[in-house]
file query-v3.cif (mmCIF, C-alpha atoms (C1' of nucleotides))
data_entry
#
loop_
_atom_site.label_atom_id
_atom_site.label_comp_id
_atom_site.auth_asym_id
_atom_site.auth_seq_id
_atom_site.Cartn_x
_atom_site.Cartn_y
_atom_site.Cartn_z
CA MET A 1 -10.53 18.23 8.30
CA SER A 2 -12.57 16.58 5.61
CA ASP A 3 -10.72 13.56 4.29
CA GLY A 4 -7.32 12.35 3.16
CA THR A 5 -4.08 13.33 4.83
CA VAL A 6 -2.43 16.60 3.97
CA ALA A 7 0.52 14.55 2.78
CA GLU A 8 -1.74 12.65 0.39
CA VAL A 9 -3.11 15.89 -0.97
CA LEU A 10 0.38 17.25 -1.50
CA ALA A 11 1.52 14.07 -3.21
CA ALA A 12 -1.59 14.11 -5.39
CA MET A 13 -1.07 17.73 -6.41
CA ALA A 14 2.60 17.14 -7.18
CA ASP A 15 1.83 15.18 -10.34
CA PRO A 16 1.30 17.14 -13.59
CA THR A 17 -1.12 14.63 -15.11
CA ARG A 18 -3.21 14.75 -11.97
CA ARG A 19 -3.24 18.53 -12.02
CA ALA A 20 -4.38 18.48 -15.65
CA LEU A 21 -7.12 16.10 -14.66
CA LEU A 22 -8.29 18.40 -11.88
CA ASP A 23 -8.12 21.36 -14.24
CA SER A 24 -10.41 19.56 -16.65
CA LEU A 25 -12.86 18.86 -13.86
CA ALA A 26 -12.71 22.45 -12.69
CA ALA A 27 -13.34 23.71 -16.22
CA GLY A 28 -15.98 21.29 -17.35
CA GLY A 29 -17.62 20.09 -14.18
CA GLU A 30 -18.25 16.39 -13.68
CA ALA A 31 -16.72 13.92 -16.11
CA SER A 32 -16.15 10.19 -16.53
CA ALA A 33 -12.73 8.56 -16.72
CA THR A 34 -13.12 7.84 -20.40
CA ALA A 35 -14.23 11.38 -21.12
CA LEU A 36 -11.21 12.72 -19.22
CA SER A 37 -8.81 10.44 -21.05
CA THR A 38 -9.64 12.05 -24.39
CA GLY A 39 -7.70 15.29 -24.31
CA LEU A 40 -4.88 13.79 -22.29
CA PRO A 41 -1.97 11.89 -23.86
CA VAL A 42 -2.59 8.85 -21.69
CA THR A 43 -4.81 5.77 -21.61
CA ARG A 44 -8.12 5.57 -19.83
CA GLN A 45 -6.56 3.10 -17.41
CA ALA A 46 -3.87 5.57 -16.43
CA VAL A 47 -6.59 8.15 -15.81
CA VAL A 48 -8.49 5.63 -13.69
CA LYS A 49 -5.44 5.09 -11.49
CA HIS A 50 -4.90 8.81 -11.09
CA LEU A 51 -8.53 9.26 -10.17
CA ALA A 52 -8.12 6.57 -7.54
CA VAL A 53 -5.22 8.51 -6.04
CA LEU A 54 -7.22 11.73 -6.12
CA GLU A 55 -10.15 10.01 -4.47
CA ARG A 56 -7.94 8.64 -1.68
CA ALA A 57 -6.76 12.19 -1.13
CA GLY A 58 -10.39 13.32 -1.01
CA LEU A 59 -9.93 15.76 -3.86
CA VAL A 60 -12.49 14.06 -6.05
CA THR A 61 -15.62 12.03 -5.51
CA PRO A 62 -17.26 9.45 -7.80
CA ARG A 63 -20.98 9.27 -8.57
CA ARG A 64 -22.49 6.39 -10.52
CA GLU A 65 -24.74 7.60 -13.30
CA GLY A 66 -26.24 4.68 -15.15
CA ARG A 67 -23.45 2.77 -16.82
CA GLU A 68 -20.84 5.42 -16.29
CA VAL A 69 -19.08 6.98 -13.31
CA ARG A 70 -18.81 10.73 -13.04
CA TYR A 71 -16.10 12.33 -10.95
CA ALA A 72 -16.58 15.71 -9.32
CA LEU A 73 -14.19 18.11 -7.61
CA ARG A 74 -14.02 18.39 -3.81
CA PRO A 75 -12.30 21.63 -2.82
CA ALA A 76 -12.25 21.16 0.96
CA PRO A 77 -9.10 19.01 1.35
CA LEU A 78 -7.22 21.37 -0.94
CA ALA A 79 -8.18 24.30 1.25
CA ASP A 80 -7.07 22.34 4.31
CA ALA A 81 -3.70 21.58 2.76
CA ALA A 82 -3.30 25.20 1.74
CA SER A 83 -3.95 26.52 5.22
CA TRP A 84 -1.69 23.87 6.72
CA LEU A 85 1.14 24.92 4.41
CA GLY A 86 0.42 28.55 5.14
CA GLY A 87 0.64 27.95 8.87
CA LEU A 88 3.93 26.14 8.51
CA ALA A 89 5.32 28.91 6.33
CA ALA A 90 4.32 31.50 8.92
CA GLU A 91 5.95 29.51 11.68
CA TRP A 92 9.18 29.14 9.74
CA ASP A 93 9.13 32.79 8.92
CA ALA A 94 8.72 33.75 12.56
CA ARG A 95 11.55 31.47 13.62
CA THR A 96 14.04 32.39 10.93
CA ARG A 97 13.30 36.08 11.36
CA ASP A 98 15.05 36.20 14.73
CA GLY A 99 14.87 33.46 17.37
CA ASP A 100 16.23 31.03 14.82
CA GLY A 101 16.81 28.45 17.50
CA VAL A 102 14.32 26.99 19.94
CA GLY A 103 11.91 29.76 20.75
CA SER A 104 8.38 29.35 22.05
CA ALA A 105 6.82 27.23 19.35
CA GLY A 106 3.91 29.03 17.79
CA ARG A 107 1.41 26.15 17.82
CA MET B 1 8.17 33.65 -6.74
CA SER B 2 11.55 33.01 -5.16
CA ASP B 3 12.89 29.76 -6.49
CA GLY B 4 11.87 26.25 -7.37
CA THR B 5 8.57 25.34 -9.00
CA VAL B 6 5.46 25.03 -6.87
CA ALA B 7 5.31 21.43 -8.07
CA GLU B 8 8.81 20.83 -6.75
CA VAL B 9 7.87 22.29 -3.40
CA LEU B 10 4.79 20.08 -3.21
CA ALA B 11 6.76 16.99 -4.15
CA ALA B 12 9.41 17.89 -1.59
CA MET B 13 6.85 18.37 1.17
CA ALA B 14 5.08 15.12 0.31
CA ASP B 15 7.89 13.00 1.75
CA PRO B 16 7.86 12.23 5.49
CA THR B 17 11.64 12.00 5.84
CA ARG B 18 11.99 15.36 4.17
CA ARG B 19 9.38 16.88 6.47
CA ALA B 20 11.23 15.49 9.49
CA LEU B 21 14.40 17.05 8.15
CA LEU B 22 12.72 20.42 7.78
CA ASP B 23 11.24 20.10 11.25
CA SER B 24 14.70 19.55 12.67
CA LEU B 25 15.97 22.63 10.88
CA ALA B 26 13.00 24.66 12.10
CA ALA B 27 13.58 23.51 15.66
CA GLY B 28 17.33 23.71 15.86
CA GLY B 29 18.29 26.28 13.27
CA GLU B 30 21.15 25.53 10.90
CA ALA B 31 22.60 22.04 10.79
CA SER B 32 24.95 19.90 8.73
CA ALA B 33 23.94 16.74 6.89
CA THR B 34 25.79 14.53 9.37
CA ALA B 35 24.21 16.29 12.32
CA LEU B 36 20.76 15.86 10.79
CA SER B 37 21.34 12.18 10.06
CA THR B 38 21.72 11.41 13.78
CA GLY B 39 18.19 11.32 15.06
CA LEU B 40 16.83 9.96 11.80
CA PRO B 41 16.75 6.25 10.96
CA VAL B 42 18.66 6.78 7.73
CA THR B 43 22.21 7.18 6.53
CA ARG B 44 23.96 10.48 6.09
CA GLN B 45 23.96 9.85 2.34
CA ALA B 46 20.21 9.53 2.27
CA VAL B 47 19.96 12.82 4.13
CA VAL B 48 22.33 14.40 1.63
CA LYS B 49 20.08 13.34 -1.24
CA HIS B 50 17.00 14.68 0.50
CA LEU B 51 18.77 17.96 1.16
CA ALA B 52 19.59 18.14 -2.54
CA VAL B 53 15.90 17.77 -3.37
CA LEU B 54 14.98 20.40 -0.81
CA GLU B 55 17.61 22.73 -2.20
CA ARG B 56 16.30 22.30 -5.75
CA ALA B 57 12.88 23.22 -4.40
CA GLY B 58 14.42 26.29 -2.78
CA LEU B 59 13.28 25.27 0.69
CA VAL B 60 16.77 25.08 2.08
CA THR B 61 20.08 26.75 1.40
CA PRO B 62 23.64 25.51 2.06
CA ARG B 63 26.40 27.58 3.64
CA ARG B 64 29.96 26.36 3.86
CA GLU B 65 31.41 26.75 7.32
CA GLY B 66 34.97 25.54 7.42
CA ARG B 67 34.98 21.84 6.73
CA GLU B 68 31.28 21.40 7.14
CA VAL B 69 28.18 22.56 5.29
CA ARG B 70 25.29 24.03 7.22
CA TYR B 71 21.80 24.01 5.78
CA ALA B 72 19.24 26.67 6.70
CA LEU B 73 15.51 26.97 6.12
CA ARG B 74 14.10 29.21 3.39
CA PRO B 75 10.42 29.93 4.09
CA ALA B 76 9.63 31.93 0.93
CA PRO B 77 8.93 29.09 -1.54
CA LEU B 78 6.72 27.40 1.01
CA ALA B 79 4.67 30.55 1.41
CA ASP B 80 4.41 30.79 -2.38
CA ALA B 81 3.18 27.23 -2.65
CA ALA B 82 0.69 27.83 0.15
CA SER B 83 -0.81 30.89 -1.51
CA TRP B 84 -0.91 29.11 -4.86
CA LEU B 85 -2.82 26.23 -3.32
CA GLY B 86 -5.07 28.65 -1.51
CA GLY B 87 -5.89 30.48 -4.74
CA LEU B 88 -6.69 27.23 -6.50
CA ALA B 89 -8.90 26.11 -3.62
CA ALA B 90 -10.80 29.40 -3.74
CA GLU B 91 -11.29 29.07 -7.49
CA TRP B 92 -12.60 25.52 -7.17
CA ASP B 93 -14.87 26.57 -4.38
CA ALA B 94 -16.31 29.40 -6.44
CA ARG B 95 -16.91 27.13 -9.42
CA THR B 96 -18.39 24.18 -7.60
CA ARG B 97 -20.59 26.44 -5.50
CA ASP B 98 -22.86 27.28 -8.47
CA GLY B 99 -21.64 27.83 -12.06
CA ASP B 100 -20.05 24.37 -11.96
CA GLY B 101 -19.48 24.54 -15.70
CA VAL B 102 -17.59 27.12 -17.71
CA GLY B 103 -18.46 30.41 -16.13
CA SER B 104 -16.28 33.52 -16.10
CA ALA B 105 -13.72 32.40 -13.55
CA GLY B 106 -12.61 35.84 -12.54
CA ARG B 107 -14.86 37.24 -9.87
"C1'" DC C 1 53.13 15.81 10.62
"C1'" DA C 2 49.58 12.49 11.53
"C1'" DT C 3 45.11 11.61 12.68
"C1'" DA C 4 40.32 12.21 12.95
"C1'" DC C 5 36.20 14.06 11.16
"C1'" DG C 6 33.18 15.72 7.55
"C1'" DT C 7 32.11 16.11 2.86
"C1'" DG C 8 31.56 14.48 -2.13
"C1'" DC C 9 31.22 10.99 -5.64
"C1'" DA C 10 30.00 6.51 -7.68
"C1'" DA C 11 28.07 1.98 -7.99
"C1'" DC C 12 24.55 -0.73 -6.75
"C1'" DC C 13 19.93 -2.66 -5.07
"C1'" DA C 14 14.95 -2.67 -4.11
"C1'" DT C 15 10.74 -0.69 -4.31
"C1'" DC C 16 7.20 2.34 -6.01
"C1'" DG C 17 4.66 4.77 -9.36
"C1'" DA C 18 3.15 5.75 -14.07
"C1'" DG C 19 1.79 3.74 -17.98
"C1'" DT C 20 0.39 0.00 -21.17
"C1'" DT C 21 -2.27 -4.01 -23.09
"C1'" DG C 22 -5.75 -7.51 -22.78
"C1'" DC C 23 -9.94 -9.26 -21.33
"C1'" DA C 24 -14.27 -10.01 -18.67
"C1'" DG C 25 -18.62 -7.98 -17.03
"C1'" DG C 26 -22.57 -4.64 -16.87
"C1'" DT C 27 -25.80 -1.46 -18.99
"C1'" DA C 28 -28.17 1.14 -22.54
"C1'" DC C 29 -30.51 0.95 -26.91
"C1'" DG C 30 -31.77 -0.14 -31.81
"C1'" DC D 1 -31.90 -10.21 -28.62
"C1'" DG D 2 -27.70 -8.49 -30.12
"C1'" DT D 3 -24.56 -4.87 -30.35
"C1'" DA D 4 -22.02 -1.10 -28.74
"C1'" DC D 5 -19.99 1.34 -25.05
"C1'" DC D 6 -18.17 2.00 -20.59
"C1'" DT D 7 -16.30 0.18 -16.43
"C1'" DG D 8 -13.25 -3.02 -13.57
"C1'" DC D 9 -9.48 -6.24 -12.81
"C1'" DA D 10 -4.97 -8.35 -13.73
"C1'" DA D 11 -0.36 -8.87 -15.53
"C1'" DC D 12 3.51 -6.69 -17.23
"C1'" DT D 13 7.19 -3.11 -18.49
"C1'" DC D 14 10.13 0.62 -17.23
"C1'" DG D 15 12.09 4.59 -15.22
"C1'" DA D 16 12.43 7.35 -10.92
"C1'" DT D 17 13.36 7.35 -6.18
"C1'" DG D 18 14.85 6.10 -1.47
"C1'" DG D 19 18.35 3.78 0.54
"C1'" DT D 20 22.89 1.48 1.18
"C1'" DT D 21 28.05 0.72 1.10
"C1'" DG D 22 32.72 1.93 -0.10
"C1'" DC D 23 36.22 5.09 -1.01
"C1'" DA D 24 38.78 9.40 -2.02
"C1'" DC D 25 39.53 14.19 -0.72
"C1'" DG D 26 39.81 18.29 2.11
"C1'" DT D 27 40.25 20.51 6.60
"C1'" DA D 28 40.92 21.10 11.42
"C1'" DT D 29 43.70 19.92 15.45
"C1'" DG D 30 46.66 17.42 18.96
#
call {"tool": "encode", "arguments": {"input": "query-v3.cif", "output": "structure tokens"}}
result
Amino acid sequence: MSDGTVAEVLAAMADPTRRALLDSLAAGGEASATALSTGLPVTRQAVVKHLAVLERAGLVTPRREGREVRYALRPAPLADAASWLGGLAAEWDARTRDGDGVGSAGR
Amino acid sequence: MSDGTVAEVLAAMADPTRRALLDSLAAGGEASATALSTGLPVTRQAVVKHLAVLERAGLVTPRREGREVRYALRPAPLADAASWLGGLAAEWDARTRDGDGVGSAGR
DNA sequence: CATACGTGCAACCATCGAGTTGCAGGTACG
DNA sequence: CGTACCTGCAACTCGATGGTTGCACGTATG
């Protein structure tokens, strides 16, 4: 399951600034914190903190390149979170459809 | 697209207490706020607030039953969020796999 | 009718998260 | 070598959020 809890991924994806950050990375490939901060209405420091959160969630990975640090996207944890959510949704759906109560838990 | 933003769903699912709440509802079907609060280490009021968040996200729906209010699961928004995340993950995967830069996202 | 139970509202507190500013330390380059 | 640029750390502000207590109101029920 790659890295970072599903909960961490969800929390990371819940923030609009963070999503914008990830969008930028998806669109333009690797980028440094300073580069990312231009184009966003926040300070470089704020971006740094967000990147730290994203890294803890495993959604992004840093790579030192001379005097700067480039961050790149890591899709795996996102896919994990997505399938986890999907599984839960399916389970709920099965339960609410009829059995509604106990039932033989899917998992 | 049911109800509640995907972001709201993600934020709602990011909280452990809220997940526990949803688990209880999934396991035992409908339940009132007071019923849910027993079995959790928090006050009824805290549960009420969490239920409000979950309702705003569309994950739960209230139904007045005499003098009490029963909350029931609503799987749809969760499924939406899951497929949204899945789509994003696929897109990232496609981009990081080769094009990495701009590239015509589509296919 | 009186009582008990459940809900709803409001005030309040503590903590967390997002964001800022300021400054010190490396690293590239003329 | 000196300058410019980027990173890293620390202190601080401020609003949102999770949680609590207290109380008033409605609704069953003996």
call {"tool": "calpha_fit_rmsd", "arguments": {"input": "query-v3.cif", "fixed": "chain B", "moving": "chain A"}}
result
0.8 Å
call {"tool": "atom_distance", "arguments": {"input": "query-v3.cif", "atom1": "C1' of DA18 (chain C)", "atom2": "CA of Val47 (chain B)"}}
result
25.8 Å
call {"tool": "closest_atom_pairs", "arguments": {"input": "query-v3.cif", "of": "chain B", "to": "chain D", "cutoff": "8 Å", "atoms": "all atoms listed in the file", "output": "tab-separated table"}}
result
residue	atom	partner	partner_atom	distance
B:Val42	CA	D:DG19	C1'	7.8
B:Thr43	CA	D:DT20	C1'	7.8
B:Ala46	CA	D:DG19	C1'	6.3
B:Gly66	CA	D:DT27	C1'	7.3
B:Arg67	CA	D:DT27	C1'	5.4
call {"tool": "interface_residues", "arguments": {"input": "query-v3.cif", "of": "chain A", "to": "chain B", "cutoff": "9 Å", "atoms": "all atoms listed in the file", "output": "PyMOL selection string"}}
result
chain A and resi 6-16+25-30+72-93+95-96+99-103+105
call {"tool": "closest_residue", "arguments": {"input": "query-v3.cif", "among": "C:DC1, C:DC12, C:DG17, C:DG6", "to": "chain B", "atoms": "only C-alpha atoms (C1' of nucleotides)"}}
result
C:DG6
call {"tool": "atom_distance", "arguments": {"input": "query-v3.cif", "atom1": "C1' of DG30 (chain C)", "atom2": "CA of Glu68 (chain A)"}}
result
19.8 Å
call {"tool": "closest_residue", "arguments": {"input": "query-v3.cif", "among": "C:DT27, C:DT7, C:DT21, C:DA14", "to": "chain A", "atoms": "all atoms listed in the file"}}
result
C:DT27
call {"tool": "interface_residues", "arguments": {"input": "query-v3.cif", "of": "chain B", "to": "chain C", "cutoff": "12 Å", "atoms": "all atoms listed in the file", "output": "VMD selection string"}}
result
chain B and resid 32 to 35 44 to 45 48 to 49 64 to 70
call {"tool": "atom_distance", "arguments": {"input": "query-v3.cif", "atom1": "CA of Gly4 (chain B)", "atom2": "CA of Asp3 (chain A)"}}
result
28.4 Å
call {"tool": "axis_aligned_box", "arguments": {"input": "query-v3.cif", "around": "region 3-18 of chain C", "padding_each_side": "5 Å", "output": "AutoDock Vina command-line options"}}
result
--center_x 24.1 --center_y 6.7 --center_z -0.6 --size_x 52.0 --size_y 28.8 --size_z 37.0
call {"tool": "decode", "arguments": {"input": "query-v3.cif", "residues": "region 40-80 of chain A", "atoms": "N, CA and C atoms", "output": "PDB file, in the first residue's frame"}}
result
ATOM      1  N   LEU A  40       0.410  31.048  -7.120  1.00  0.00           N
ATOM      2  CA  LEU A  40      -0.540  30.833  -6.030  1.00  0.00           C
ATOM      3  C   LEU A  40      -0.542  32.094  -5.164  1.00  0.00           C
ATOM      4  N   PRO A  41      -1.662  32.398  -4.534  1.00  0.00           N
ATOM      5  CA  PRO A  41      -1.777  33.620  -3.740  1.00  0.00           C
ATOM      6  C   PRO A  41      -1.199  33.465  -2.345  1.00  0.00           C
ATOM      7  N   VAL A  42      -0.233  32.588  -2.187  1.00  0.00           N
ATOM      8  CA  VAL A  42       0.353  32.392  -0.855  1.00  0.00           C
ATOM      9  C   VAL A  42       1.876  32.463  -0.906  1.00  0.00           C
ATOM     10  N   THR A  43       2.473  32.576   0.264  1.00  0.00           N
ATOM     11  CA  THR A  43       3.919  32.669   0.412  1.00  0.00           C
ATOM     12  C   THR A  43       4.602  31.352   0.077  1.00  0.00           C
ATOM     13  N   ARG A  44       5.882  31.440  -0.171  1.00  0.00           N
ATOM     14  CA  ARG A  44       6.654  30.217  -0.389  1.00  0.00           C
ATOM     15  C   ARG A  44       6.585  29.330   0.847  1.00  0.00           C
ATOM     16  N   GLN A  45       6.671  29.933   2.012  1.00  0.00           N
ATOM     17  CA  GLN A  45       6.657  29.167   3.255  1.00  0.00           C
ATOM     18  C   GLN A  45       5.382  28.355   3.412  1.00  0.00           C
ATOM     19  N   ALA A  46       4.268  28.961   3.043  1.00  0.00           N
ATOM     20  CA  ALA A  46       2.997  28.244   3.115  1.00  0.00           C
ATOM     21  C   ALA A  46       3.054  27.034   2.194  1.00  0.00           C
ATOM     22  N   VAL A  47       3.598  27.255   0.991  1.00  0.00           N
ATOM     23  CA  VAL A  47       3.734  26.160   0.025  1.00  0.00           C
ATOM     24  C   VAL A  47       4.619  25.057   0.597  1.00  0.00           C
ATOM     25  N   VAL A  48       5.713  25.456   1.237  1.00  0.00           N
ATOM     26  CA  VAL A  48       6.612  24.479   1.846  1.00  0.00           C
ATOM     27  C   VAL A  48       5.865  23.591   2.835  1.00  0.00           C
ATOM     28  N   LYS A  49       5.066  24.226   3.691  1.00  0.00           N
ATOM     29  CA  LYS A  49       4.303  23.450   4.674  1.00  0.00           C
ATOM     30  C   LYS A  49       3.341  22.482   3.996  1.00  0.00           C
ATOM     31  N   HIS A  50       2.658  22.975   2.973  1.00  0.00           N
ATOM     32  CA  HIS A  50       1.727  22.102   2.265  1.00  0.00           C
ATOM     33  C   HIS A  50       2.464  20.932   1.635  1.00  0.00           C
ATOM     34  N   LEU A  51       3.622  21.217   1.067  1.00  0.00           N
ATOM     35  CA  LEU A  51       4.406  20.149   0.456  1.00  0.00           C
ATOM     36  C   LEU A  51       4.822  19.114   1.500  1.00  0.00           C
ATOM     37  N   ALA A  52       5.101  19.588   2.701  1.00  0.00           N
ATOM     38  CA  ALA A  52       5.464  18.668   3.779  1.00  0.00           C
ATOM     39  C   ALA A  52       4.298  17.722   4.078  1.00  0.00           C
ATOM     40  N   VAL A  53       3.095  18.295   4.127  1.00  0.00           N
ATOM     41  CA  VAL A  53       1.904  17.482   4.360  1.00  0.00           C
ATOM     42  C   VAL A  53       1.735  16.448   3.244  1.00  0.00           C
ATOM     43  N   LEU A  54       1.884  16.930   2.017  1.00  0.00           N
ATOM     44  CA  LEU A  54       1.717  16.044   0.858  1.00  0.00           C
ATOM     45  C   LEU A  54       2.762  14.940   0.862  1.00  0.00           C
ATOM     46  N   GLU A  55       3.959  15.285   1.316  1.00  0.00           N
ATOM     47  CA  GLU A  55       5.016  14.280   1.355  1.00  0.00           C
ATOM     48  C   GLU A  55       4.706  13.228   2.415  1.00  0.00           C
ATOM     49  N   ARG A  56       4.219  13.691   3.594  1.00  0.00           N
ATOM     50  CA  ARG A  56       3.841  12.736   4.636  1.00  0.00           C
ATOM     51  C   ARG A  56       2.757  11.795   4.134  1.00  0.00           C
ATOM     52  N   ALA A  57       1.899  12.305   3.271  1.00  0.00           N
ATOM     53  CA  ALA A  57       0.828  11.468   2.735  1.00  0.00           C
ATOM     54  C   ALA A  57       1.331  10.599   1.593  1.00  0.00           C
ATOM     55  N   GLY A  58       2.559  10.836   1.163  1.00  0.00           N
ATOM     56  CA  GLY A  58       3.153  10.039   0.092  1.00  0.00           C
ATOM     57  C   GLY A  58       2.737  10.462  -1.303  1.00  0.00           C
ATOM     58  N   LEU A  59       2.060  11.594  -1.389  1.00  0.00           N
ATOM     59  CA  LEU A  59       1.544  12.033  -2.689  1.00  0.00           C
ATOM     60  C   LEU A  59       2.585  12.748  -3.532  1.00  0.00           C
ATOM     61  N   VAL A  60       3.714  13.068  -2.894  1.00  0.00           N
ATOM     62  CA  VAL A  60       4.722  13.865  -3.554  1.00  0.00           C
ATOM     63  C   VAL A  60       6.077  13.437  -3.020  1.00  0.00           C
ATOM     64  N   THR A  61       7.107  13.548  -3.831  1.00  0.00           N
ATOM     65  CA  THR A  61       8.421  13.156  -3.363  1.00  0.00           C
ATOM     66  C   THR A  61       9.470  14.180  -3.791  1.00  0.00           C
ATOM     67  N   PRO A  62      10.359  14.559  -2.866  1.00  0.00           N
ATOM     68  CA  PRO A  62      11.352  15.590  -3.132  1.00  0.00           C
ATOM     69  C   PRO A  62      12.613  14.999  -3.766  1.00  0.00           C
ATOM     70  N   ARG A  63      13.302  15.805  -4.557  1.00  0.00           N
ATOM     71  CA  ARG A  63      14.548  15.363  -5.180  1.00  0.00           C
ATOM     72  C   ARG A  63      15.479  16.559  -5.251  1.00  0.00           C
ATOM     73  N   ARG A  64      16.579  16.478  -4.538  1.00  0.00           N
ATOM     74  CA  ARG A  64      17.520  17.614  -4.519  1.00  0.00           C
ATOM     75  C   ARG A  64      18.220  17.736  -5.868  1.00  0.00           C
ATOM     76  N   GLU A  65      18.215  18.935  -6.382  1.00  0.00           N
ATOM     77  CA  GLU A  65      18.825  19.190  -7.694  1.00  0.00           C
ATOM     78  C   GLU A  65      19.679  20.440  -7.545  1.00  0.00           C
ATOM     79  N   GLY A  66      20.933  20.225  -7.170  1.00  0.00           N
ATOM     80  CA  GLY A  66      21.803  21.369  -6.960  1.00  0.00           C
ATOM     81  C   GLY A  66      21.359  22.165  -5.752  1.00  0.00           C
ATOM     82  N   ARG A  67      21.090  23.430  -5.933  1.00  0.00           N
ATOM     83  CA  ARG A  67      20.692  24.218  -4.764  1.00  0.00           C
ATOM     84  C   ARG A  67      19.184  24.262  -4.596  1.00  0.00           C
ATOM     85  N   GLU A  68      18.456  23.619  -5.458  1.00  0.00           N
ATOM     86  CA  GLU A  68      17.009  23.628  -5.256  1.00  0.00           C
ATOM     87  C   GLU A  68      16.436  22.215  -5.102  1.00  0.00           C
ATOM     88  N   VAL A  69      15.185  22.171  -4.630  1.00  0.00           N
ATOM     89  CA  VAL A  69      14.524  20.893  -4.366  1.00  0.00           C
ATOM     90  C   VAL A  69      13.292  20.767  -5.238  1.00  0.00           C
ATOM     91  N   ARG A  70      13.300  19.782  -6.096  1.00  0.00           N
ATOM     92  CA  ARG A  70      12.166  19.584  -7.000  1.00  0.00           C
ATOM     93  C   ARG A  70      11.220  18.561  -6.407  1.00  0.00           C
ATOM     94  N   TYR A  71       9.927  18.846  -6.490  1.00  0.00           N
ATOM     95  CA  TYR A  71       8.915  17.906  -6.013  1.00  0.00           C
ATOM     96  C   TYR A  71       8.200  17.283  -7.204  1.00  0.00           C
ATOM     97  N   ALA A  72       7.996  15.969  -7.115  1.00  0.00           N
ATOM     98  CA  ALA A  72       7.311  15.258  -8.191  1.00  0.00           C
ATOM     99  C   ALA A  72       6.103  14.501  -7.643  1.00  0.00           C
ATOM    100  N   LEU A  73       5.114  14.311  -8.497  1.00  0.00           N
ATOM    101  CA  LEU A  73       3.894  13.608  -8.138  1.00  0.00           C
ATOM    102  C   LEU A  73       4.153  12.118  -7.896  1.00  0.00           C
ATOM    103  N   ARG A  74       3.374  11.548  -6.951  1.00  0.00           N
ATOM    104  CA  ARG A  74       3.405  10.093  -6.742  1.00  0.00           C
ATOM    105  C   ARG A  74       1.976   9.577  -6.724  1.00  0.00           C
ATOM    106  N   PRO A  75       1.514   9.025  -7.805  1.00  0.00           N
ATOM    107  CA  PRO A  75       0.100   8.660  -7.959  1.00  0.00           C
ATOM    108  C   PRO A  75      -0.354   7.493  -7.078  1.00  0.00           C
ATOM    109  N   ALA A  76       0.534   6.599  -6.718  1.00  0.00           N
ATOM    110  CA  ALA A  76       0.131   5.363  -6.048  1.00  0.00           C
ATOM    111  C   ALA A  76      -0.793   5.555  -4.832  1.00  0.00           C
ATOM    112  N   PRO A  77      -0.409   6.383  -3.848  1.00  0.00           N
ATOM    113  CA  PRO A  77      -1.256   6.507  -2.660  1.00  0.00           C
ATOM    114  C   PRO A  77      -2.647   7.025  -3.002  1.00  0.00           C
ATOM    115  N   LEU A  78      -2.724   7.857  -4.029  1.00  0.00           N
ATOM    116  CA  LEU A  78      -4.025   8.378  -4.436  1.00  0.00           C
ATOM    117  C   LEU A  78      -4.887   7.235  -4.956  1.00  0.00           C
ATOM    118  N   ALA A  79      -4.280   6.386  -5.759  1.00  0.00           N
ATOM    119  CA  ALA A  79      -5.017   5.229  -6.288  1.00  0.00           C
ATOM    120  C   ALA A  79      -5.475   4.334  -5.145  1.00  0.00           C
ATOM    121  N   ASP A  80      -4.594   4.131  -4.169  1.00  0.00           N
ATOM    122  CA  ASP A  80      -4.962   3.324  -3.000  1.00  0.00           C
ATOM    123  C   ASP A  80      -6.184   3.905  -2.310  1.00  0.00           C
TER     124      ASP A  80
END
